[in-house]
file work13.txt (compact mmCIF, C-alpha atoms and all ligand atoms)
# COMPACT_ATOMS: atom_id res chain seq x y z
CA MET A 1 21.54 9.62 5.72
CA ILE A 2 18.93 7.46 7.49
CA ASP A 3 15.67 8.03 5.66
CA LEU A 4 12.70 6.74 7.66
CA ARG A 5 10.04 8.89 5.99
CA SER A 6 8.66 6.08 3.84
CA ASP A 7 9.50 2.77 2.21
CA THR A 8 9.14 4.59 -1.13
CA VAL A 9 12.57 6.21 -0.76
CA THR A 10 14.68 3.15 -1.63
CA LYS A 11 17.06 3.45 -4.55
CA PRO A 12 17.76 0.56 -6.90
CA THR A 13 20.69 -1.59 -5.79
CA PRO A 14 23.52 -2.44 -8.21
CA ALA A 15 22.01 -5.90 -8.80
CA MET A 16 18.61 -4.38 -9.61
CA LEU A 17 20.21 -1.82 -11.94
CA ASP A 18 22.08 -4.64 -13.65
CA ALA A 19 18.78 -6.45 -14.29
CA MET A 20 17.35 -3.21 -15.74
CA VAL A 21 20.31 -2.70 -18.07
CA LYS A 22 20.08 -6.26 -19.41
CA ALA A 23 16.29 -6.39 -19.88
CA PRO A 24 15.04 -7.22 -23.38
CA LEU A 25 12.75 -4.40 -24.56
CA GLY A 26 9.94 -3.71 -27.02
CA ASP A 27 7.01 -1.34 -27.39
CA ASP A 28 4.58 -2.23 -24.60
CA VAL A 29 1.70 -0.26 -26.11
CA TRP A 30 1.96 -2.76 -28.99
CA GLY A 31 2.16 -5.52 -26.39
CA ASP A 32 5.67 -6.54 -27.43
CA ASP A 33 7.87 -5.66 -24.50
CA PRO A 34 8.98 -9.11 -23.31
CA THR A 35 10.03 -7.83 -19.89
CA VAL A 36 6.70 -6.12 -19.17
CA ASN A 37 4.90 -9.24 -20.42
CA ARG A 38 7.00 -11.38 -18.12
CA LEU A 39 6.34 -9.15 -15.12
CA GLU A 40 2.59 -9.17 -15.80
CA ALA A 41 2.53 -12.97 -16.17
CA MET A 42 4.57 -13.33 -13.02
CA ALA A 43 2.31 -11.04 -10.97
CA ALA A 44 -0.83 -12.80 -12.23
CA GLU A 45 0.63 -16.15 -11.25
CA LEU A 46 1.84 -14.99 -7.83
CA LEU A 47 -1.59 -13.60 -6.97
CA ALA A 48 -3.46 -16.44 -8.70
CA LYS A 49 -5.39 -14.15 -11.05
CA GLU A 50 -6.01 -14.57 -14.79
CA ALA A 51 -4.17 -11.41 -15.78
CA ALA A 52 -2.17 -8.42 -14.60
CA ILE A 53 -1.23 -5.01 -15.91
CA TYR A 54 1.91 -3.00 -15.17
CA VAL A 55 1.16 0.62 -14.28
CA SER A 56 3.18 3.67 -13.39
CA SER A 57 2.04 4.02 -9.77
CA GLY A 58 -0.23 2.72 -7.05
CA THR A 59 -2.52 5.68 -7.62
CA GLN A 60 -2.89 4.80 -11.29
CA SER A 61 -3.43 1.16 -10.40
CA ASN A 62 -6.28 1.92 -7.98
CA LEU A 63 -7.76 4.44 -10.41
CA VAL A 64 -7.85 2.07 -13.40
CA ALA A 65 -9.30 -0.60 -11.07
CA LEU A 66 -12.10 1.74 -9.94
CA LEU A 67 -12.77 2.88 -13.51
CA SER A 68 -12.89 -0.74 -14.68
CA HIS A 69 -15.25 -1.94 -11.93
CA CYS A 70 -17.60 1.06 -11.87
CA GLN A 71 -19.60 3.18 -14.30
CA ARG A 72 -20.49 6.85 -14.09
CA GLY A 73 -23.01 7.25 -11.23
CA ASP A 74 -21.82 4.18 -9.36
CA GLU A 75 -20.54 4.25 -5.82
CA TYR A 76 -17.69 2.52 -4.00
CA ILE A 77 -17.48 1.89 -0.27
CA VAL A 78 -14.09 2.81 1.15
CA GLY A 79 -12.39 3.59 4.45
CA GLN A 80 -12.41 7.21 5.56
CA ASP A 81 -8.61 7.06 5.94
CA ALA A 82 -8.01 4.83 2.91
CA HIS A 83 -5.40 5.88 0.40
CA THR A 84 -7.88 5.47 -2.45
CA TYR A 85 -10.19 7.99 -0.83
CA GLN A 86 -7.84 10.42 0.96
CA TYR A 87 -4.64 10.52 -1.00
CA GLU A 88 -5.47 10.06 -4.67
CA GLY A 89 -6.78 13.52 -5.49
CA GLY A 90 -10.37 12.32 -5.72
CA GLY A 91 -9.46 10.70 -9.06
CA ALA A 92 -12.38 8.27 -9.09
CA ALA A 93 -14.84 11.18 -8.72
CA VAL A 94 -12.97 13.58 -11.00
CA LEU A 95 -12.26 11.19 -13.85
CA GLY A 96 -14.85 8.46 -13.40
CA SER A 97 -17.87 10.21 -11.87
CA ILE A 98 -17.70 7.46 -9.24
CA GLN A 99 -19.01 8.55 -5.85
CA PRO A 100 -17.14 7.43 -2.74
CA GLN A 101 -19.04 6.26 0.34
CA PRO A 102 -16.35 6.69 2.99
CA LEU A 103 -16.79 4.81 6.28
CA THR A 104 -14.94 4.96 9.59
CA VAL A 105 -11.87 2.77 9.87
CA GLU A 106 -11.57 0.94 13.19
CA LYS A 107 -8.42 0.88 15.26
CA ASN A 108 -7.43 -2.47 13.71
CA GLY A 109 -7.70 -1.17 10.15
CA THR A 110 -11.05 -2.80 9.33
CA ILE A 111 -14.38 -1.21 8.42
CA GLU A 112 -17.20 -2.69 10.51
CA LEU A 113 -19.13 -5.22 8.44
CA GLU A 114 -22.48 -4.04 9.76
CA HIS A 115 -21.57 -0.51 8.79
CA ILE A 116 -20.74 -1.70 5.26
CA ARG A 117 -24.02 -3.62 5.06
CA GLN A 118 -26.04 -0.58 6.08
CA SER A 119 -24.26 1.57 3.50
CA ILE A 120 -25.20 -0.57 0.51
CA LYS A 121 -27.92 1.41 -1.22
CA PRO A 122 -31.21 -0.18 -2.28
CA ASP A 123 -32.22 -0.06 -5.95
CA ASP A 124 -34.07 3.25 -5.79
CA VAL A 125 -33.87 6.35 -8.00
CA HIS A 126 -32.62 8.41 -5.07
CA PHE A 127 -29.37 6.51 -4.75
CA ALA A 128 -26.18 5.86 -6.60
CA HIS A 129 -25.60 2.18 -7.46
CA THR A 130 -23.28 0.69 -4.84
CA ARG A 131 -20.92 -1.36 -6.97
CA LEU A 132 -17.65 -1.94 -5.18
CA LEU A 133 -16.08 -2.44 -1.77
CA CYS A 134 -12.50 -1.29 -1.47
CA LEU A 135 -10.23 -2.50 1.36
CA GLU A 136 -6.60 -1.75 2.15
CA ASN A 137 -4.00 -4.25 3.48
CA THR A 138 -1.78 -3.41 5.15
CA ALA A 139 -3.77 -0.40 6.33
CA THR A 140 -1.32 2.17 7.72
CA GLY A 141 0.93 -0.69 8.74
CA ARG A 142 -1.85 -2.86 10.17
CA VAL A 143 -2.58 -6.37 8.91
CA LEU A 144 -6.26 -7.11 8.30
CA PRO A 145 -7.37 -10.30 10.09
CA MET A 146 -7.95 -13.13 7.59
CA GLU A 147 -11.30 -13.93 9.16
CA TYR A 148 -12.39 -10.34 8.52
CA ILE A 149 -11.29 -10.49 4.87
CA GLU A 150 -13.22 -13.69 4.36
CA GLN A 151 -16.38 -12.21 5.89
CA ALA A 152 -16.04 -8.93 3.95
CA SER A 153 -15.61 -10.86 0.72
CA LYS A 154 -18.71 -12.93 1.44
CA LEU A 155 -20.68 -9.82 2.32
CA ALA A 156 -19.66 -8.22 -1.00
CA GLU A 157 -20.59 -11.32 -2.94
CA ASP A 158 -23.95 -11.75 -1.18
CA ASN A 159 -24.82 -8.17 -2.09
CA GLY A 160 -23.63 -8.23 -5.70
CA LEU A 161 -20.62 -6.00 -5.06
CA LYS A 162 -17.15 -6.47 -6.47
CA ILE A 163 -14.28 -6.22 -4.01
CA HIS A 164 -10.95 -4.50 -4.67
CA LEU A 165 -7.84 -4.62 -2.51
CA ASP A 166 -5.46 -1.70 -2.37
CA GLY A 167 -2.62 -4.05 -1.59
CA ALA A 168 0.14 -1.48 -1.92
CA ARG A 169 1.79 -3.38 0.94
CA VAL A 170 -0.04 -6.70 0.72
CA TYR A 171 3.29 -8.55 0.78
CA ASN A 172 4.02 -7.05 4.19
CA ALA A 173 0.73 -8.57 5.35
CA ALA A 174 1.47 -12.00 3.81
CA VAL A 175 5.01 -12.12 5.22
CA LYS A 176 3.78 -11.02 8.64
CA LEU A 177 1.13 -13.77 8.71
CA GLY A 178 3.53 -16.32 7.22
CA ILE A 179 1.08 -17.14 4.43
CA ASP A 180 1.14 -17.10 0.64
CA VAL A 181 -0.11 -13.83 -0.88
CA LYS A 182 -2.63 -15.97 -2.80
CA ASP A 183 -4.33 -16.78 0.50
CA ILE A 184 -5.19 -13.08 0.68
CA SER A 185 -5.75 -12.31 -3.03
CA GLN A 186 -8.25 -15.17 -3.45
CA TYR A 187 -10.88 -13.11 -1.62
CA PHE A 188 -10.68 -10.17 -4.05
CA ASP A 189 -11.78 -9.49 -7.63
CA SER A 190 -8.78 -7.22 -8.10
CA VAL A 191 -5.61 -6.50 -6.19
CA SER A 192 -3.19 -3.62 -6.66
CA VAL A 193 0.39 -4.20 -5.49
CA CYS A 194 3.11 -1.54 -5.26
CA LEU A 195 6.54 -2.64 -6.43
CA SER A 196 7.99 0.70 -5.35
CA LYS A 197 7.37 0.44 -1.59
CA GLY A 198 8.97 -2.23 0.59
CA LEU A 199 9.75 -4.37 -2.45
CA GLY A 200 12.33 -1.77 -3.44
CA ALA A 201 11.69 -1.06 -7.14
CA PRO A 202 12.07 2.59 -8.16
CA ILE A 203 8.78 2.79 -10.08
CA GLY A 204 5.61 0.85 -10.72
CA SER A 205 2.67 -1.17 -9.50
CA VAL A 206 0.74 -4.13 -10.84
CA LEU A 207 -3.03 -4.57 -10.92
CA CYS A 208 -4.21 -8.19 -10.98
CA GLY A 209 -7.67 -9.55 -11.75
CA SER A 210 -9.79 -11.38 -14.31
CA ALA A 211 -8.78 -11.21 -17.98
CA GLU A 212 -11.93 -9.20 -18.67
CA LEU A 213 -11.22 -6.65 -15.95
CA ILE A 214 -7.58 -6.25 -16.96
CA SER A 215 -8.49 -5.68 -20.59
CA LYS A 216 -10.77 -2.83 -19.47
CA ALA A 217 -7.93 -1.55 -17.29
CA ARG A 218 -5.63 -1.56 -20.33
CA ARG A 219 -7.99 0.80 -22.16
CA TRP A 220 -8.24 3.13 -19.14
CA ARG A 221 -4.49 3.09 -18.60
CA LYS A 222 -3.93 4.22 -22.18
CA MET A 223 -6.55 6.94 -21.82
CA LEU A 224 -4.88 8.21 -18.65
CA GLY A 225 -1.59 8.54 -20.50
CA GLY A 226 -0.14 5.50 -18.80
CA GLY A 227 0.69 3.52 -21.93
CA MET A 228 4.48 3.35 -21.68
CA ARG A 229 6.74 2.25 -24.53
CA GLN A 230 10.00 0.40 -23.70
CA ALA A 231 8.76 0.05 -20.13
CA GLY A 232 10.71 -3.18 -19.68
CA VAL A 233 13.61 -1.06 -18.51
CA ILE A 234 11.66 -0.30 -15.33
CA ALA A 235 9.57 -3.48 -15.26
CA ALA A 236 12.85 -5.40 -14.91
CA ALA A 237 13.28 -3.77 -11.51
CA GLY A 238 9.81 -5.04 -10.59
CA ILE A 239 10.73 -8.59 -11.60
CA TYR A 240 13.92 -8.32 -9.57
CA ALA A 241 11.89 -7.06 -6.59
CA LEU A 242 9.41 -9.94 -6.76
CA GLU A 243 12.22 -12.48 -7.10
CA ASN A 244 14.46 -11.14 -4.36
CA ASN A 245 12.76 -8.78 -1.97
CA ILE A 246 9.65 -10.47 -0.62
CA GLU A 247 10.94 -12.70 2.18
CA ARG A 248 13.33 -10.03 3.39
CA LEU A 249 10.36 -7.83 4.40
CA ARG A 250 10.64 -9.80 7.62
CA GLU A 251 13.85 -7.87 8.38
CA ASP A 252 11.95 -4.58 8.02
CA HIS A 253 9.31 -5.86 10.43
CA ASP A 254 11.99 -6.96 12.92
CA ASN A 255 13.69 -3.58 12.65
CA ALA A 256 10.40 -1.75 13.19
CA ALA A 257 9.66 -3.95 16.21
CA LEU A 258 13.09 -3.18 17.64
CA LEU A 259 12.60 0.54 17.04
CA GLY A 260 9.17 0.48 18.70
CA GLN A 261 10.46 -1.49 21.65
CA GLU A 262 13.38 0.89 22.22
CA LEU A 263 11.30 4.04 21.77
CA ALA A 264 8.65 2.73 24.18
CA GLN A 265 11.28 2.94 26.89
CA ILE A 266 11.83 6.66 26.38
CA GLU A 267 9.42 8.35 28.76
CA GLU A 268 9.15 11.58 26.75
CA VAL A 269 7.49 9.83 23.80
CA HIS A 270 4.44 7.68 23.28
CA VAL A 271 4.63 4.78 20.80
CA ASP A 272 1.40 3.41 19.39
CA LEU A 273 2.12 -0.30 19.81
CA GLU A 274 -1.27 -1.33 18.43
CA MET A 275 -0.31 0.19 15.07
CA LEU A 276 3.09 -1.46 15.07
CA GLN A 277 2.47 -4.66 13.15
CA THR A 278 4.72 -4.47 10.10
CA ASN A 279 7.17 -1.78 8.99
CA MET A 280 5.68 1.41 10.43
CA VAL A 281 6.21 2.99 13.83
CA PHE A 282 4.07 5.89 15.05
CA MET A 283 5.47 8.04 17.82
CA THR A 284 4.12 11.16 19.54
CA PRO A 285 6.32 13.34 21.72
CA LEU A 286 4.77 13.89 25.16
CA LYS A 287 7.23 16.65 25.82
CA GLY A 288 8.31 19.30 23.32
CA GLY A 289 7.03 19.63 19.80
CA ILE A 290 7.01 17.32 16.79
CA GLU A 291 8.75 19.99 14.70
CA GLU A 292 11.62 20.44 17.14
CA LEU A 293 12.29 16.74 17.39
CA ALA A 294 12.16 16.26 13.62
CA THR A 295 14.48 19.22 13.03
CA SER A 296 16.95 17.97 15.59
CA LEU A 297 16.98 14.53 13.93
CA GLN A 298 17.42 16.09 10.50
CA ARG A 299 20.54 17.86 11.77
CA LYS A 300 21.89 14.37 12.44
CA ASP A 301 20.93 13.19 8.94
CA ILE A 302 17.89 11.25 10.14
CA LEU A 303 14.69 11.95 8.23
CA VAL A 304 11.22 11.18 9.63
CA ASP A 305 7.70 11.91 8.45
CA ALA A 306 6.49 14.54 10.91
CA ARG A 307 2.83 15.51 10.74
CA LYS A 308 0.23 15.02 13.50
CA THR A 309 2.46 12.25 14.80
CA ILE A 310 5.90 11.11 13.73
CA ARG A 311 5.97 8.15 11.35
CA LEU A 312 9.09 6.06 11.00
CA VAL A 313 9.13 3.45 8.24
CA THR A 314 11.70 0.70 7.85
CA HIS A 315 12.82 -0.60 4.45
CA LEU A 316 15.64 -2.38 2.69
CA GLN A 317 17.98 0.57 3.04
CA VAL A 318 17.56 0.85 6.81
CA SER A 319 19.76 -1.46 8.87
CA ARG A 320 19.54 -2.61 12.48
CA GLU A 321 22.45 -0.29 13.20
CA ASP A 322 20.49 2.65 11.71
CA ILE A 323 17.68 1.82 14.12
CA LEU A 324 20.02 1.98 17.10
CA THR A 325 21.52 5.25 15.82
CA THR A 326 18.02 6.72 15.54
CA VAL A 327 17.09 5.64 19.07
CA SER A 328 20.27 7.24 20.44
CA ALA A 329 19.56 10.47 18.57
CA ILE A 330 16.05 10.65 20.07
CA LYS A 331 17.40 9.95 23.56
CA ASP A 332 20.03 12.66 23.06
CA PHE A 333 17.36 15.13 22.02
CA TYR A 334 15.56 14.73 25.34
CA GLN A 335 18.67 14.57 27.47
CA GLY A 336 20.01 17.71 25.77
CA SER A 337 16.75 19.59 26.29
CA SER A 338 15.96 18.54 29.88
C1 LIG B 401 1.61 4.36 -1.68
C2 LIG B 401 0.24 3.88 -1.66
C3 LIG B 401 -0.57 3.97 -2.77
C4 LIG B 401 -0.20 4.73 -4.03
O1 LIG B 401 1.00 4.50 -4.55
P1 LIG B 401 1.79 5.59 -5.42
O2 LIG B 401 2.70 4.73 -6.19
O3 LIG B 401 2.45 6.48 -4.44
O4 LIG B 401 0.81 6.29 -6.28
C5 LIG B 401 -1.83 3.42 -2.70
N1 LIG B 401 -2.27 2.85 -1.58
C6 LIG B 401 -1.53 2.76 -0.47
C7 LIG B 401 -2.09 2.10 0.74
C8 LIG B 401 -0.24 3.28 -0.47
O5 LIG B 401 0.48 3.20 0.64

call {"tool": "encode", "arguments": {"input": "work13.txt", "output": "structure tokens"}}
result
Amino acid sequence: MIDLRSDTVTKPTPAMLDAMVKAPLGDDVWGDDPTVNRLEAMAAELLAKEAAIYVSSGTQSNLVALLSHCQRGDEYIVGQDAHTYQYEGGGAAVLGSIQPQPLTVEKNGTIELEHIRQSIKPDDVHFAHTRLLCLENTATGRVLPMEYIEQASKLAEDNGLKIHLDGARVYNAAVKLGIDVKDISQYFDSVSVCLSKGLGAPIGSVLCGSAELISKARRWRKMLGGGMRQAGVIAAAGIYALENNIERLREDHDNAALLGQELAQIEEVHVDLEMLQTNMVFMTPLKGGIEELATSLQRKDILVDARKTIRLVTHLQVSREDILTTVSAIKDFYQGSS
């Protein structure tokens, strides 16, 4: 099976499982799971923040961040296509009474600074208090330009806003730019990082920020039912991921580039090369339907994410050979149907 639907589909390797089996454990709600404590200290150090908290998912991480930054009746500025806004069940509104102010995301994954500036509400009884700016990096595979991040951070600071990064795939951005993740995290008050995407852990995210923010997040996490007991058994996989799987993201990027390059030569499909910056390839059939192509690939044990376009995501369980097999299968589909 070649599973290109997402980088969330990876299964723990024997070495990762071994680390999980050997992890020393305790009750993390009491603060005495040494493995969770180690993971949190490690994440805080890697992102150069005072503290970190281990959470069950990226959704929970973003939610506790929003709940910790904002009060009932506050507002956060967010991309129209951002995960935090589109794909988290409206959690900030449902559970925090925090109003989103969604703004258009440009083709390069940024939100125009002028647009952000104009959306910050004045102190007036008509308006919600604009409290937070939320960015995403990578944003659907795109790496935000560092200059943009710096300017967005300054704009937030100048206007008394906090700034949160949904950095589910921030390591893909850092590896792509060849910089330390700290160079990105320094511009944010909080950063959420998924361990369960390209980094290859089965479960979990970390939220990093000031000690004050993270202690608020700890209260919210407990309230949301996210206080886990001997969580070291899964946190060990996160430690393993941070120790072993960061630099290798480059291989995923190389494989995605190869896939994009090969697919671009098939005249029946269009590949969005502007979106192809890290580990995601977006392809639209110019001939025949998305469904038909996806079904034909599935018959050959190749899984893709088929919606308005076809998304193919590389990860640590997709090899260069799998890429070539996939390209051949797509070529065969068109040759067979012509
Ligand atoms: C996957 C993802 C999340 C949420 O992570 P889950 O662990 O699936 O809840 C948040 N933001 C972005 C950009 C993501 O890709």

call {"tool": "closest_atom_pairs", "arguments": {"input": "work13.txt", "of": "chain A", "to": "ligand LIG 401 (chain B)", "cutoff": "6 Å", "atoms": "all atoms listed in the file", "output": "tab-separated table"}}
result
residue	atom	partner	partner_atom	distance
A:Ser57	CA	B:LIG401	O2	3.7
A:Gly58	CA	B:LIG401	O1	3.3
A:Thr59	CA	B:LIG401	O4	3.6
A:His83	CA	B:LIG401	N1	4.8
A:Asp166	CA	B:LIG401	N1	5.6
A:Ala168	CA	B:LIG401	C6	4.8

call {"tool": "write_last_selection", "arguments": {"input": "work13.txt", "atoms": "C-alpha atoms", "output": "short mmCIF file (atom, residue, chain, number, x, y, z; two decimals), in the coordinates of the input"}}
result
data_model
loop_
_atom_site.label_atom_id
_atom_site.label_comp_id
_atom_site.auth_asym_id
_atom_site.auth_seq_id
_atom_site.Cartn_x
_atom_site.Cartn_y
_atom_site.Cartn_z
CA SER A 57 2.04 4.02 -9.77
CA GLY A 58 -0.23 2.72 -7.05
CA THR A 59 -2.52 5.68 -7.62
CA HIS A 83 -5.40 5.88 0.40
CA ASP A 166 -5.46 -1.70 -2.37
CA ALA A 168 0.14 -1.48 -1.92
#

call {"tool": "axis_aligned_box", "arguments": {"input": "work13.txt", "around": "region 300-309 of chain A", "padding_each_side": "4 Å", "output": "JSON"}}
result
{"center_x": 11.1, "center_y": 13.3, "center_z": 11.5, "size_x": 29.7, "size_y": 12.3, "size_z": 14.6}

call {"tool": "residues_around", "arguments": {"input": "work13.txt", "residues": "Val181 (chain A)", "least_positions_apart": "6", "cutoff": "12 Å", "atoms": "all atoms listed in the file", "output": "JSON, numbers by chain"}}
result
{"A": [43, 44, 45, 46, 47, 48, 49, 137, 146, 167, 169, 170, 171, 172, 173, 174, 175, 187, 188, 191, 193, 242, 246, 247]}

call {"tool": "residues_near_point", "arguments": {"input": "work13.txt", "point": "(17.7, 3.9, 11.2)", "cutoff": "12 Å", "atoms": "only C-alpha atoms", "output": "NGL selection string"}}
result
:A and (1-6 or 252 or 255-256 or 258-260 or 281 or 297 or 300-304 or 312-330)

call {"tool": "atom_distance", "arguments": {"input": "work13.txt", "atom1": "CA of Ala211 (chain A)", "atom2": "CA of Pro145 (chain A)"}}
result
28.1 Å

call {"tool": "closest_residue", "arguments": {"input": "work13.txt", "among": "A:Gly232, A:Glu292, A:Leu103, A:Gly90", "to": "Val21 (chain A)", "atoms": "only C-alpha atoms"}}
result
A:Gly232

call {"tool": "closest_residue", "arguments": {"input": "work13.txt", "among": "A:Asp124, A:Glu243, A:Glu212, A:Asp332", "to": "Ala19 (chain A)", "atoms": "all atoms listed in the file"}}
result
A:Glu243

call {"tool": "closest_residue", "arguments": {"input": "work13.txt", "among": "A:Arg299, A:Arg72, A:Arg311, A:His164", "to": "Thr284 (chain A)", "atoms": "all atoms listed in the file"}}
result
A:Arg311
